[in-house]
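Here is the structure we will look at.
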2 protein chains.
Amino acid sequence: MNRRTAITTQTKQNLIDAFWSLYCDMRIEKITIKDITNKAGYNRGTFYEYFKDVYDVLEHIEDSLIPSLDELPPITIGSEMRGMPTNTFLELYEKNSKYYAVLLGDGGDPAFASKLKNAIKPIIIQEFANKPTVNLQELDYVVEYTLSAMIGMMSYWYRQTDKLPSDQLHELIKKLTEQGITRQLPAF
Amino acid sequence: MNRRTAITTQTKQNLIDAFWSLYCDMRIEKITIKDITNKAGYNRGTFYEYFKDVYDVLEHIEDSLIPSLDELPPITIGSEMRGMPTNTFLELYEKNSKYYAVLLGDGGDPAFASKLKNAIKPIIIQEFANKPTVNLQELDYVVEYTLSAMIGMMSYWYRQTDKLPSDQLHELIKKLTEQGITRQLPAF
DNA sequence: TTGAATCATACAACAGGATGTTGGATGATT
DNA sequence: AATCATCCAACATCCTGTTGTATGATTCAA
């Protein structure tokens, strides 16, 4: 890599890292550009060489966390989860948990959940779109339901101090996906 | 009511209404106190008589939208949805949809979803807590799963322009709750 | 290889605007 | 008439985003 681009890349990353360490502790509205550059060790003006404003940094981070099509393993019907790739999603979450847990948590960005869902949704839907019996509109809602449940569950899990064991969590999700909620309730 | 308190109540409400109409159109970070007081027709200083800052207004609104225990109808096992009161939740959402759809949407507040879940969760859990077979920790996750899915689904529904018919949505949610996701997929 | 031209990087300083506080005027309550 | 609440004007402070400039890196022709 060019010496020059190496420097700029590093500077940008330093700013990103400084932002993230602040973002983990405080609401984004309270983060000033001064805070970021102070922490990263740059002049405040330097920030504007790389980002438009504080929200631009967040967007940059979010974009880098949205999986690209080829990053996700191809999904085939008849796989372990019979079409709904919960495991793929869980692995994705775990891989990026450092960021996901914050972005999808209480102090995070509600738009990120949508971005994530919208990135994954077409991949899943595509698998079923050519089936003759499929109602595309309903399918859309089923996928929305699933992804919302997954995200909610995982975020909650990461928020807990005494967590359910990981394999028990995975098992529970699998059962909920395949059998529904009612059957998991003690009264049933 | 006292004339004086009537005035303050009205002023406070005017400020809240002005805030909400702005909040529906723009991110909260972009809303200035000047915007609010201009819209409501007060001096900027008056705002500080009632609220600490812009976020304080949002908190006030959110608190008024969290259902109290006696507001929610008592939940009994063996009811229509066999214990998981999805209908109760759907009705709650629809009753407050003007606010819920915004607060739980992309430009909303992720903390509100948690507040809402935490308010409803104990009511549901209480119904099962005394069953001998229940695993309280797992139950907690099942409820989290359910509420996350409901909130995600409803928010998505309100975001759509050409919505699935309401009764079809309710029917789909019922099936997903009772039978799981896998059985709703065309490949199954 | 050298050195002059060009470009990128980082910074200081400034104007504009938002914030939160203080002290005072007006009008209601007692 | 005295007291108190409501509302507002004005102020100091801080944050923002832009502009102009100095420093150092890269390029290319001689």
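Please note that chains go A, B, ... in the order of the structure tokens, that every chain numbers its residues from 1, and that ligands are numbered from 1 in the order shown.
Interface residues on chain B toward chain D (cut-off 10 Å, only C-alpha atoms (C1' of nucleotides)): B:Arg4, B:Thr5, B:Ile7, B:Thr8, B:Thr11, B:Tyr42, B:Asn43, B:Arg44, B:Gly45, B:Thr46, B:Phe47, B:Glu49.
Contacts from chain B to chain A at a cut-off of 6 Å (only C-alpha atoms) map to Asp106, Pro110, Ala111, Val134, Tyr145, Ser148, Ala149, Gly152, Met153, Thr177, Glu178, Gln179, Gly180, Ile181, Thr182 and Pro186 of chain B.
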Practice prompt. Return as a list in words the residues belonging to chain C that are within 12 Å of chain A, counting only C-alpha atoms (C1' of nucleotides).
Written response: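 In the required form, that comes to DC7, DA8, DT9, DA10, DC11, DA12 and DA13 of chain C.
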Discussion item. Taking the DSSP secondary structure from the backbone, can you list the residues of region 34-126 of chain A that are alpha helix (DSSP H), as a PyMOL selection string?
Written reply: chain A and resi 34-40+44-50+54-65+86-95+97-103+110-126
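Take CA of Asp35 (chain B) and CA of Tyr158 (chain B): the distance between them is 27.3 Å.
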Worksheet entry | Between CA of Ala18 (chain B) and CA of Val54 (chain A), distance in Å (one decimal) |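 Taking CA of Ala18 (chain B) and CA of Val54 (chain A), their separation equals 26.3 Å.
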Fill in: Pairwise distance for CA of Ile124 (chain A) and CA of Pro85 (chain A), rounded to one decimal in Å
7.8 Å
